[in-house]
Structures are given as C-alpha cells and as structure tokens.
$ cat model-v7.cif   # mmCIF, N, CA and C atoms and all ligand atoms
data_start
#
loop_
_atom_site.label_atom_id
_atom_site.label_comp_id
_atom_site.auth_asym_id
_atom_site.auth_seq_id
_atom_site.Cartn_x
_atom_site.Cartn_y
_atom_site.Cartn_z
N MET T 1 -53.70 13.64 -13.85
CA MET T 1 -52.46 13.50 -14.59
C MET T 1 -52.64 12.44 -15.67
N GLU T 2 -52.17 12.77 -16.84
CA GLU T 2 -52.24 11.84 -17.95
C GLU T 2 -51.34 10.63 -17.66
N ARG T 3 -51.75 9.49 -18.15
CA ARG T 3 -50.95 8.28 -17.92
C ARG T 3 -49.55 8.41 -18.52
N SER T 4 -49.45 9.00 -19.72
CA SER T 4 -48.14 9.14 -20.36
C SER T 4 -47.23 10.09 -19.57
N THR T 5 -47.80 11.16 -19.01
CA THR T 5 -47.02 12.09 -18.20
C THR T 5 -46.50 11.39 -16.95
N PHE T 6 -47.41 10.61 -16.31
CA PHE T 6 -47.03 9.86 -15.11
C PHE T 6 -45.86 8.91 -15.42
N LEU T 7 -45.97 8.19 -16.53
CA LEU T 7 -44.92 7.22 -16.88
C LEU T 7 -43.59 7.93 -17.16
N LYS T 8 -43.67 9.13 -17.81
CA LYS T 8 -42.43 9.87 -18.07
C LYS T 8 -41.75 10.28 -16.77
N ILE T 9 -42.56 10.79 -15.83
CA ILE T 9 -42.00 11.23 -14.55
C ILE T 9 -41.41 10.04 -13.79
N MET T 10 -42.16 8.95 -13.74
CA MET T 10 -41.69 7.77 -13.02
C MET T 10 -40.45 7.18 -13.70
N GLY T 11 -40.45 7.21 -15.02
CA GLY T 11 -39.29 6.68 -15.74
C GLY T 11 -38.04 7.48 -15.43
N THR T 12 -38.17 8.81 -15.43
CA THR T 12 -37.03 9.67 -15.11
C THR T 12 -36.57 9.41 -13.68
N GLY T 13 -37.52 9.27 -12.77
CA GLY T 13 -37.17 9.01 -11.37
C GLY T 13 -36.43 7.69 -11.23
N ALA T 14 -36.91 6.68 -11.95
CA ALA T 14 -36.26 5.38 -11.86
C ALA T 14 -34.83 5.44 -12.39
N VAL T 15 -34.65 6.18 -13.50
CA VAL T 15 -33.30 6.31 -14.06
C VAL T 15 -32.38 7.02 -13.07
N LEU T 16 -32.88 8.11 -12.47
CA LEU T 16 -32.06 8.83 -11.49
C LEU T 16 -31.75 7.96 -10.29
N ALA T 17 -32.75 7.21 -9.83
CA ALA T 17 -32.52 6.33 -8.68
C ALA T 17 -31.46 5.29 -9.01
N CYS T 18 -31.54 4.72 -10.22
CA CYS T 18 -30.55 3.71 -10.60
C CYS T 18 -29.16 4.33 -10.73
N ALA T 19 -29.11 5.56 -11.28
CA ALA T 19 -27.81 6.22 -11.41
C ALA T 19 -27.22 6.43 -10.02
N GLY T 20 -28.05 6.81 -9.07
CA GLY T 20 -27.57 6.99 -7.70
C GLY T 20 -27.03 5.70 -7.13
N CYS T 21 -27.73 4.61 -7.38
CA CYS T 21 -27.26 3.31 -6.88
C CYS T 21 -25.91 2.97 -7.49
N GLY T 22 -25.81 3.26 -8.78
CA GLY T 22 -24.55 2.95 -9.45
C GLY T 22 -23.40 3.73 -8.86
N LEU T 23 -23.64 5.00 -8.57
CA LEU T 23 -22.58 5.82 -7.99
C LEU T 23 -22.17 5.31 -6.62
N VAL T 24 -23.15 4.95 -5.82
CA VAL T 24 -22.84 4.43 -4.50
C VAL T 24 -22.03 3.15 -4.63
N GLY T 25 -22.47 2.29 -5.55
CA GLY T 25 -21.77 1.02 -5.74
C GLY T 25 -20.34 1.24 -6.18
N CYS T 26 -20.14 2.19 -7.09
CA CYS T 26 -18.79 2.45 -7.57
C CYS T 26 -17.90 3.00 -6.46
N SER T 27 -18.46 3.93 -5.68
CA SER T 27 -17.61 4.56 -4.67
C SER T 27 -17.16 3.54 -3.63
N GLY T 28 -17.98 2.53 -3.39
CA GLY T 28 -17.60 1.52 -2.41
C GLY T 28 -16.47 0.63 -2.91
N GLU T 29 -16.28 0.57 -4.21
CA GLU T 29 -15.24 -0.30 -4.77
C GLU T 29 -13.98 0.46 -5.13
N ASP T 30 -14.00 1.79 -5.02
CA ASP T 30 -12.82 2.58 -5.36
C ASP T 30 -11.66 2.22 -4.44
N GLU T 31 -10.47 2.19 -5.01
CA GLU T 31 -9.28 1.95 -4.21
C GLU T 31 -8.88 3.27 -3.57
N PRO T 32 -8.70 3.32 -2.27
CA PRO T 32 -8.25 4.56 -1.64
C PRO T 32 -6.79 4.81 -1.97
N SER T 33 -6.40 6.07 -1.86
CA SER T 33 -4.99 6.38 -2.06
C SER T 33 -4.19 5.78 -0.92
N PRO T 34 -3.04 5.20 -1.23
CA PRO T 34 -2.24 4.60 -0.18
C PRO T 34 -1.82 5.65 0.84
N VAL T 35 -1.85 5.27 2.09
CA VAL T 35 -1.43 6.18 3.16
C VAL T 35 0.09 6.24 3.19
N GLY T 36 0.61 7.43 3.39
CA GLY T 36 2.06 7.59 3.54
C GLY T 36 2.81 7.58 2.23
N ASN T 37 2.11 7.66 1.12
CA ASN T 37 2.79 7.57 -0.16
C ASN T 37 3.11 8.92 -0.79
N ALA T 38 2.53 9.99 -0.27
CA ALA T 38 2.70 11.28 -0.92
C ALA T 38 3.92 12.02 -0.37
N GLY T 39 4.49 12.83 -1.20
CA GLY T 39 5.54 13.73 -0.75
C GLY T 39 6.93 13.12 -0.78
N PRO T 40 7.91 13.99 -0.71
CA PRO T 40 9.30 13.52 -0.72
C PRO T 40 9.67 12.86 0.60
N VAL T 41 10.58 11.93 0.53
CA VAL T 41 11.05 11.20 1.72
C VAL T 41 12.57 11.25 1.72
N ASP T 42 13.14 11.52 2.86
CA ASP T 42 14.60 11.47 3.01
C ASP T 42 14.92 11.45 4.50
N PHE T 43 15.26 10.27 4.99
CA PHE T 43 15.67 10.16 6.39
C PHE T 43 16.72 9.06 6.50
N THR T 44 17.46 9.12 7.61
CA THR T 44 18.53 8.16 7.83
C THR T 44 18.32 7.48 9.18
N LEU T 45 18.48 6.18 9.19
CA LEU T 45 18.35 5.40 10.42
C LEU T 45 19.73 4.99 10.90
N ASP T 46 19.95 5.15 12.18
CA ASP T 46 21.17 4.68 12.83
C ASP T 46 20.91 3.25 13.29
N LEU T 47 21.58 2.30 12.67
CA LEU T 47 21.30 0.89 12.96
C LEU T 47 21.94 0.42 14.27
N THR T 48 22.63 1.31 14.97
CA THR T 48 23.22 0.92 16.26
C THR T 48 22.24 1.16 17.41
N VAL T 49 21.15 1.86 17.14
CA VAL T 49 20.18 2.10 18.22
C VAL T 49 19.13 0.98 18.20
N ALA T 50 18.67 0.62 19.38
CA ALA T 50 17.81 -0.55 19.56
C ALA T 50 16.57 -0.60 18.65
N PRO T 51 15.83 0.49 18.52
CA PRO T 51 14.60 0.38 17.70
C PRO T 51 14.89 -0.02 16.25
N ASN T 52 16.09 0.26 15.77
CA ASN T 52 16.43 -0.06 14.38
C ASN T 52 17.18 -1.39 14.27
N GLY T 53 17.37 -2.05 15.41
CA GLY T 53 18.12 -3.29 15.46
C GLY T 53 17.67 -4.38 14.50
N PRO T 54 16.37 -4.55 14.27
CA PRO T 54 15.94 -5.63 13.37
C PRO T 54 16.59 -5.56 11.99
N LEU T 55 17.00 -4.38 11.57
CA LEU T 55 17.58 -4.26 10.22
C LEU T 55 19.03 -4.71 10.17
N ASN T 56 19.60 -5.08 11.31
CA ASN T 56 20.96 -5.62 11.30
C ASN T 56 20.99 -7.09 10.91
N ASN T 57 19.83 -7.71 10.90
CA ASN T 57 19.75 -9.15 10.60
C ASN T 57 18.98 -9.38 9.30
N VAL T 58 19.52 -10.25 8.46
CA VAL T 58 18.80 -10.64 7.25
C VAL T 58 17.45 -11.22 7.66
N GLY T 59 16.39 -10.73 7.06
CA GLY T 59 15.04 -11.16 7.41
C GLY T 59 14.35 -10.22 8.39
N GLY T 60 15.11 -9.27 8.92
CA GLY T 60 14.52 -8.32 9.86
C GLY T 60 13.78 -7.20 9.14
N SER T 61 12.84 -6.61 9.83
CA SER T 61 12.08 -5.50 9.23
C SER T 61 11.54 -4.60 10.31
N LEU T 62 11.16 -3.42 9.92
CA LEU T 62 10.49 -2.47 10.82
C LEU T 62 9.69 -1.49 9.98
N THR T 63 8.81 -0.79 10.65
CA THR T 63 8.05 0.26 9.97
C THR T 63 8.33 1.58 10.67
N THR T 64 8.49 2.60 9.85
CA THR T 64 8.69 3.95 10.37
C THR T 64 8.35 4.94 9.27
N ASN T 65 7.83 6.07 9.65
CA ASN T 65 7.49 7.14 8.70
C ASN T 65 6.58 6.66 7.57
N GLY T 66 5.69 5.72 7.85
CA GLY T 66 4.78 5.22 6.83
C GLY T 66 5.42 4.28 5.83
N ILE T 67 6.61 3.78 6.18
CA ILE T 67 7.38 2.93 5.27
C ILE T 67 7.77 1.65 5.98
N ILE T 68 7.69 0.52 5.26
CA ILE T 68 8.21 -0.73 5.81
C ILE T 68 9.56 -0.98 5.16
N ILE T 69 10.53 -1.28 6.02
CA ILE T 69 11.90 -1.48 5.57
C ILE T 69 12.29 -2.90 5.93
N ALA T 70 12.85 -3.61 4.98
CA ALA T 70 13.20 -5.01 5.22
C ALA T 70 14.60 -5.31 4.72
N ARG T 71 15.30 -6.13 5.49
CA ARG T 71 16.66 -6.53 5.13
C ARG T 71 16.56 -7.85 4.37
N LEU T 72 16.83 -7.79 3.06
CA LEU T 72 16.72 -8.97 2.21
C LEU T 72 17.99 -9.82 2.24
N SER T 73 19.13 -9.16 2.36
CA SER T 73 20.40 -9.87 2.38
C SER T 73 21.41 -9.00 3.13
N THR T 74 22.65 -9.44 3.18
CA THR T 74 23.65 -8.63 3.89
C THR T 74 23.86 -7.28 3.24
N THR T 75 23.57 -7.20 1.95
CA THR T 75 23.82 -5.95 1.23
C THR T 75 22.55 -5.27 0.72
N GLU T 76 21.41 -5.95 0.77
CA GLU T 76 20.20 -5.40 0.16
C GLU T 76 19.10 -5.11 1.19
N VAL T 77 18.64 -3.87 1.16
CA VAL T 77 17.54 -3.42 2.02
C VAL T 77 16.49 -2.79 1.11
N VAL T 78 15.23 -3.15 1.33
CA VAL T 78 14.16 -2.55 0.52
C VAL T 78 13.26 -1.71 1.42
N ALA T 79 12.69 -0.70 0.83
CA ALA T 79 11.77 0.18 1.55
C ALA T 79 10.56 0.44 0.67
N LEU T 80 9.40 0.13 1.21
CA LEU T 80 8.14 0.28 0.47
C LEU T 80 7.12 0.99 1.35
N SER T 81 6.16 1.61 0.72
CA SER T 81 5.05 2.18 1.48
C SER T 81 4.42 1.06 2.30
N GLN T 82 4.16 1.34 3.58
CA GLN T 82 3.65 0.27 4.44
C GLN T 82 2.16 0.04 4.29
N ALA T 83 1.46 0.95 3.66
CA ALA T 83 0.00 0.87 3.56
C ALA T 83 -0.42 0.06 2.33
N CYS T 84 -1.10 -1.02 2.58
CA CYS T 84 -1.62 -1.84 1.48
C CYS T 84 -2.45 -0.95 0.55
N THR T 85 -2.28 -1.14 -0.73
CA THR T 85 -2.99 -0.30 -1.69
C THR T 85 -4.45 -0.72 -1.86
N HIS T 86 -4.87 -1.75 -1.17
CA HIS T 86 -6.28 -2.12 -1.21
C HIS T 86 -7.08 -1.22 -0.27
N GLN T 87 -6.82 -1.33 1.03
CA GLN T 87 -7.57 -0.51 1.99
C GLN T 87 -6.69 0.07 3.09
N GLY T 88 -5.38 0.07 2.88
CA GLY T 88 -4.50 0.81 3.77
C GLY T 88 -3.96 0.08 4.98
N THR T 89 -4.23 -1.18 5.13
CA THR T 89 -3.69 -1.94 6.26
C THR T 89 -2.17 -2.04 6.14
N THR T 90 -1.49 -2.01 7.26
CA THR T 90 -0.03 -2.14 7.24
C THR T 90 0.37 -3.55 6.81
N ILE T 91 1.20 -3.62 5.79
CA ILE T 91 1.63 -4.91 5.28
C ILE T 91 2.74 -5.48 6.17
N GLN T 92 3.03 -6.76 5.98
CA GLN T 92 4.06 -7.43 6.78
C GLN T 92 5.09 -8.08 5.86
N PHE T 93 6.34 -8.04 6.29
CA PHE T 93 7.41 -8.68 5.55
C PHE T 93 7.42 -10.17 5.87
N ARG T 94 7.66 -10.98 4.82
CA ARG T 94 7.76 -12.44 5.02
C ARG T 94 9.19 -12.86 4.68
N PRO T 95 10.02 -13.03 5.70
CA PRO T 95 11.42 -13.36 5.46
C PRO T 95 11.61 -14.65 4.65
N SER T 96 10.75 -15.62 4.85
CA SER T 96 10.94 -16.90 4.18
C SER T 96 10.79 -16.79 2.67
N SER T 97 9.97 -15.87 2.21
CA SER T 97 9.77 -15.72 0.77
C SER T 97 10.29 -14.38 0.24
N GLY T 98 10.72 -13.52 1.14
CA GLY T 98 11.29 -12.24 0.72
C GLY T 98 10.28 -11.30 0.10
N ASP T 99 9.01 -11.48 0.47
CA ASP T 99 7.98 -10.59 -0.08
C ASP T 99 7.10 -10.04 1.04
N PHE T 100 6.02 -9.42 0.67
CA PHE T 100 5.18 -8.75 1.65
C PHE T 100 3.74 -9.21 1.51
N ARG T 101 3.04 -9.30 2.64
CA ARG T 101 1.66 -9.75 2.63
C ARG T 101 0.82 -8.84 3.53
N CYS T 102 -0.38 -8.58 3.07
CA CYS T 102 -1.32 -7.81 3.88
C CYS T 102 -2.15 -8.78 4.71
N PRO T 103 -2.18 -8.59 6.04
CA PRO T 103 -2.93 -9.51 6.89
C PRO T 103 -4.44 -9.32 6.80
N ASN T 104 -4.88 -8.25 6.17
CA ASN T 104 -6.31 -7.95 6.15
C ASN T 104 -7.07 -8.83 5.16
N HIS T 105 -6.73 -8.76 3.88
CA HIS T 105 -7.42 -9.56 2.86
C HIS T 105 -6.46 -10.41 2.03
N GLY T 106 -5.20 -10.43 2.41
CA GLY T 106 -4.27 -11.36 1.78
C GLY T 106 -3.55 -10.89 0.54
N SER T 107 -3.60 -9.61 0.22
CA SER T 107 -2.82 -9.15 -0.94
C SER T 107 -1.34 -9.41 -0.69
N GLN T 108 -0.64 -9.68 -1.78
CA GLN T 108 0.80 -9.94 -1.67
C GLN T 108 1.54 -9.06 -2.65
N PHE T 109 2.74 -8.65 -2.22
CA PHE T 109 3.56 -7.74 -3.01
C PHE T 109 4.98 -8.28 -3.06
N SER T 110 5.61 -8.12 -4.22
CA SER T 110 7.00 -8.54 -4.35
C SER T 110 7.91 -7.55 -3.63
N SER T 111 9.19 -7.85 -3.59
CA SER T 111 10.14 -6.95 -2.92
C SER T 111 10.31 -5.64 -3.68
N THR T 112 9.78 -5.58 -4.90
CA THR T 112 9.82 -4.31 -5.65
C THR T 112 8.50 -3.55 -5.50
N GLY T 113 7.53 -4.16 -4.81
CA GLY T 113 6.26 -3.48 -4.57
C GLY T 113 5.16 -3.85 -5.55
N THR T 114 5.44 -4.66 -6.54
CA THR T 114 4.39 -5.03 -7.49
C THR T 114 3.42 -6.02 -6.83
N VAL T 115 2.18 -5.96 -7.28
CA VAL T 115 1.16 -6.86 -6.74
C VAL T 115 1.37 -8.25 -7.33
N THR T 116 1.46 -9.25 -6.47
CA THR T 116 1.56 -10.63 -6.94
C THR T 116 0.28 -11.40 -6.64
N GLN T 117 -0.55 -10.83 -5.74
CA GLN T 117 -1.86 -11.43 -5.46
C GLN T 117 -2.79 -10.34 -4.94
N GLY T 118 -4.00 -10.27 -5.47
CA GLY T 118 -5.00 -9.30 -5.06
C GLY T 118 -5.64 -9.67 -3.75
N PRO T 119 -6.60 -8.86 -3.34
CA PRO T 119 -7.39 -7.92 -4.13
C PRO T 119 -6.72 -6.59 -4.48
N ALA T 120 -5.61 -6.24 -3.90
CA ALA T 120 -4.95 -4.99 -4.29
C ALA T 120 -4.61 -5.05 -5.78
N THR T 121 -4.69 -3.90 -6.43
CA THR T 121 -4.38 -3.85 -7.87
C THR T 121 -3.23 -2.90 -8.17
N ARG T 122 -2.93 -2.04 -7.23
CA ARG T 122 -1.88 -1.05 -7.47
C ARG T 122 -0.62 -1.39 -6.68
N PRO T 123 0.53 -1.10 -7.25
CA PRO T 123 1.78 -1.42 -6.55
C PRO T 123 2.02 -0.49 -5.37
N LEU T 124 2.88 -0.94 -4.49
CA LEU T 124 3.35 -0.10 -3.38
C LEU T 124 4.42 0.84 -3.92
N ARG T 125 4.51 2.00 -3.31
CA ARG T 125 5.58 2.91 -3.70
C ARG T 125 6.89 2.38 -3.14
N ARG T 126 7.91 2.39 -3.99
CA ARG T 126 9.22 1.92 -3.57
C ARG T 126 10.14 3.12 -3.36
N TYR T 127 10.94 3.04 -2.30
CA TYR T 127 11.88 4.11 -1.99
C TYR T 127 13.30 3.60 -2.18
N ASN T 128 14.20 4.53 -2.42
CA ASN T 128 15.61 4.18 -2.55
C ASN T 128 16.18 3.95 -1.16
N THR T 129 17.17 3.06 -1.11
CA THR T 129 17.88 2.84 0.15
C THR T 129 19.38 2.90 -0.11
N GLU T 130 20.11 3.34 0.89
CA GLU T 130 21.57 3.44 0.78
C GLU T 130 22.15 3.01 2.12
N LEU T 131 22.76 1.84 2.12
CA LEU T 131 23.32 1.29 3.35
C LEU T 131 24.81 1.57 3.39
N THR T 132 25.23 2.33 4.39
CA THR T 132 26.64 2.68 4.55
C THR T 132 27.03 2.37 5.98
N GLY T 133 27.72 1.25 6.16
CA GLY T 133 28.09 0.84 7.51
C GLY T 133 26.86 0.59 8.36
N THR T 134 26.71 1.37 9.41
CA THR T 134 25.54 1.21 10.29
C THR T 134 24.53 2.32 10.06
N SER T 135 24.59 2.91 8.90
CA SER T 135 23.68 4.01 8.57
C SER T 135 22.86 3.63 7.35
N LEU T 136 21.55 3.76 7.47
CA LEU T 136 20.67 3.43 6.36
C LEU T 136 19.87 4.68 5.97
N ARG T 137 20.09 5.12 4.75
CA ARG T 137 19.32 6.27 4.25
C ARG T 137 18.17 5.75 3.41
N VAL T 138 16.99 6.31 3.63
CA VAL T 138 15.79 5.98 2.84
C VAL T 138 15.33 7.29 2.21
N PHE T 139 15.18 7.26 0.89
CA PHE T 139 14.84 8.51 0.22
C PHE T 139 14.06 8.24 -1.07
N SER T 140 13.35 9.29 -1.51
CA SER T 140 12.56 9.15 -2.75
C SER T 140 13.26 9.89 -3.87
S1 LIG T 201 -6.35 -4.00 3.02
FE1 LIG T 201 -4.73 -5.20 2.24
S2 LIG T 201 -5.69 -6.73 1.08
FE2 LIG T 201 -7.34 -5.51 1.78
#

$ encode --input "model-v7.cif" --output "structure tokens"
Amino acid sequence: MERSTFLKIMGTGAVLACAGCGLVGCSGEDEPSPVGNAGPVDFTLDLTVAPNGPLNNVGGSLTTNGIIIARLSTTEVVALSQACTHQGTTIQFRPSSGDFRCPNHGSQFSSTGTVTQGPATRPLRRYNTELTGTSLRVFS
C-alpha cells in the first residue's frame, strides 16, 4: 500500500471516529423530554378527601397525574409538571420561598415554572387551576 493511500484511509477513519465521539458526547448532554408533559389535562380534585388535604393549607402541596400542585395563598393554587426538565426527577415545593426545587441536581423553578437556577434550561409546563369551594380543577 502506498503511504499516501494509507494516510488517506487512516485520516478518513480518524474523522469518522471523532464524529462518532462527538455524537455520543452530544447525546449524553441532551435534555430529555419532561415526563408527564404531553397531552391534554383536565381533572378535578375533591379537597374534602384525605389524600388531597394538603391543598387546604397555604404551603401545602401534592403530586398527582404527573403534576405538582401547590397552594400559594388562600386564593392561589399553581400546577406544574412535576418532572424536572433536566433529567426528570420529581421536583419539590418550597413553601418558605413559594418556588420549586429539584432534589437531584438543584435546579430551581419559579411558581410560573420558569428556570431560576440550572442545570435545567427549559421551563416546567404550567397548567390552569380553578378553585371553587372545595373543588380544584386542573386543566391545560
Ligand atoms: S434532574 Fe433536576 S436538576 Fe437534574
């Protein structure tokens, strides 16, 4: 084999190998799609039943149907996708600051779902809420 032919083949192989490395590296850094964020949502919670009891108190929260619901005040309830947009860990409500934090890598989200601290870069999906007496409707 001619030296120039050998170098061409090896050069092409090296380029392909590097391209492969790059693809692997990129795929490892891709943000997964948030869990529980797809599709229409429309359900109603009866706040008189025990499992929904936390929402009767300001600062209370619960997760259901892939959504975290938190009582911000006597009149305000927020509902966000519960899956952190970084790697899908269930986020937690922080009553003292009225925001949400992921226990896995520390991403933080405002009560509207926007990222206030990474590593997450994408906001949480926010759902509409309608509080009527002891009935809470969550819908998209
Ligand atoms: S999974 Fe939430 S910050 Fe990484």

$ residues_near_ligand --input "model-v7.cif" --ligand "ligand LIG 201 (chain T)" --cutoff "8 Å" --atoms "only N, CA and C atoms and all ligand atoms" --output "compact mmCIF listing (two decimals) with N, CA and C atoms, keeping the file's coordinate frame"
# COMPACT_ATOMS: atom_id res chain seq x y z
N ALA T 83 1.46 0.95 3.66
CA ALA T 83 0.00 0.87 3.56
C ALA T 83 -0.42 0.06 2.33
N CYS T 84 -1.10 -1.02 2.58
CA CYS T 84 -1.62 -1.84 1.48
C CYS T 84 -2.45 -0.95 0.55
N THR T 85 -2.28 -1.14 -0.73
CA THR T 85 -2.99 -0.30 -1.69
C THR T 85 -4.45 -0.72 -1.86
N HIS T 86 -4.87 -1.75 -1.17
CA HIS T 86 -6.28 -2.12 -1.21
C HIS T 86 -7.08 -1.22 -0.27
N GLN T 87 -6.82 -1.33 1.03
CA GLN T 87 -7.57 -0.51 1.99
C GLN T 87 -6.69 0.07 3.09
N GLY T 88 -5.38 0.07 2.88
CA GLY T 88 -4.50 0.81 3.77
C GLY T 88 -3.96 0.08 4.98
N THR T 89 -4.23 -1.18 5.13
CA THR T 89 -3.69 -1.94 6.26
C THR T 89 -2.17 -2.04 6.14
N THR T 90 -1.49 -2.01 7.26
CA THR T 90 -0.03 -2.14 7.24
C THR T 90 0.37 -3.55 6.81
N ILE T 91 1.20 -3.62 5.79
CA ILE T 91 1.63 -4.91 5.28
C ILE T 91 2.74 -5.48 6.17
N ARG T 101 3.04 -9.30 2.64
CA ARG T 101 1.66 -9.75 2.63
C ARG T 101 0.82 -8.84 3.53
N CYS T 102 -0.38 -8.58 3.07
CA CYS T 102 -1.32 -7.81 3.88
C CYS T 102 -2.15 -8.78 4.71
N PRO T 103 -2.18 -8.59 6.04
CA PRO T 103 -2.93 -9.51 6.89
C PRO T 103 -4.44 -9.32 6.80
N ASN T 104 -4.88 -8.25 6.17
CA ASN T 104 -6.31 -7.95 6.15
C ASN T 104 -7.07 -8.83 5.16
N HIS T 105 -6.73 -8.76 3.88
CA HIS T 105 -7.42 -9.56 2.86
C HIS T 105 -6.46 -10.41 2.03
N GLY T 106 -5.20 -10.43 2.41
CA GLY T 106 -4.27 -11.36 1.78
C GLY T 106 -3.55 -10.89 0.54
N SER T 107 -3.60 -9.61 0.22
CA SER T 107 -2.82 -9.15 -0.94
C SER T 107 -1.34 -9.41 -0.69
N GLN T 108 -0.64 -9.68 -1.78
CA GLN T 108 0.80 -9.94 -1.67
C GLN T 108 1.54 -9.06 -2.65
N GLN T 117 -0.55 -10.83 -5.74
CA GLN T 117 -1.86 -11.43 -5.46
C GLN T 117 -2.79 -10.34 -4.94
N GLY T 118 -4.00 -10.27 -5.47
CA GLY T 118 -5.00 -9.30 -5.06
C GLY T 118 -5.64 -9.67 -3.75
N PRO T 119 -6.60 -8.86 -3.34
CA PRO T 119 -7.39 -7.92 -4.13
C PRO T 119 -6.72 -6.59 -4.48
N ALA T 120 -5.61 -6.24 -3.90
CA ALA T 120 -4.95 -4.99 -4.29
C ALA T 120 -4.61 -5.05 -5.78

$ closest_residue --input "model-v7.cif" --among "T:Gly60, T:Pro51, T:Val78, T:Arg94" --to "Arg137 in chain T" --atoms "only C-alpha atoms"
T:Val78

$ closest_residue --input "model-v7.cif" --among "T:Ala79, T:Leu131, T:Ile67, T:Val138" --to "Ser110 in chain T" --atoms "only C-alpha atoms"
T:Ala79

$ closest_residue --input "model-v7.cif" --among "T:Val49, T:Gly113, T:Pro40, T:Phe93" --to "Leu62 in chain T" --atoms "all atoms listed in the file"
T:Phe93

$ atom_distance --input "model-v7.cif" --atom1 "CA of Leu72 in chain T" --atom2 "CA of Val58 in chain T"
5.7 Å

$ atom_distance --input "model-v7.cif" --atom1 "atom N of Thr129 in chain T" --atom2 "atom C of Pro54 in chain T"
15.7 Å

$ closest_residue --input "model-v7.cif" --among "T:Ser140, T:Thr64, T:Arg126, T:Thr75" --to "Gly39 in chain T" --atoms "all atoms listed in the file"
T:Ser140

$ closest_residue --input "model-v7.cif" --among "T:Val115, T:Phe43, T:Gln92, T:Glu130" --to "Val77 in chain T" --atoms "only N, CA and C atoms"
T:Glu130

$ atom_distance --input "model-v7.cif" --atom1 "CA of Ile68 in chain T" --atom2 "CA of Thr134 in chain T"
18.0 Å

$ closest_residue --input "model-v7.cif" --among "T:Ala70, T:Phe100, T:Gly133, T:Phe139" --to "Leu47 in chain T" --atoms "only C-alpha atoms"
T:Gly133

$ select_by_dssp --input "model-v7.cif" --residues "range 43-106 of chain T" --states "strand (DSSP E)" --output "PyMOL selection string"
chain T and resi 43-46+61-64+67-71+77-81+92-94+99-101
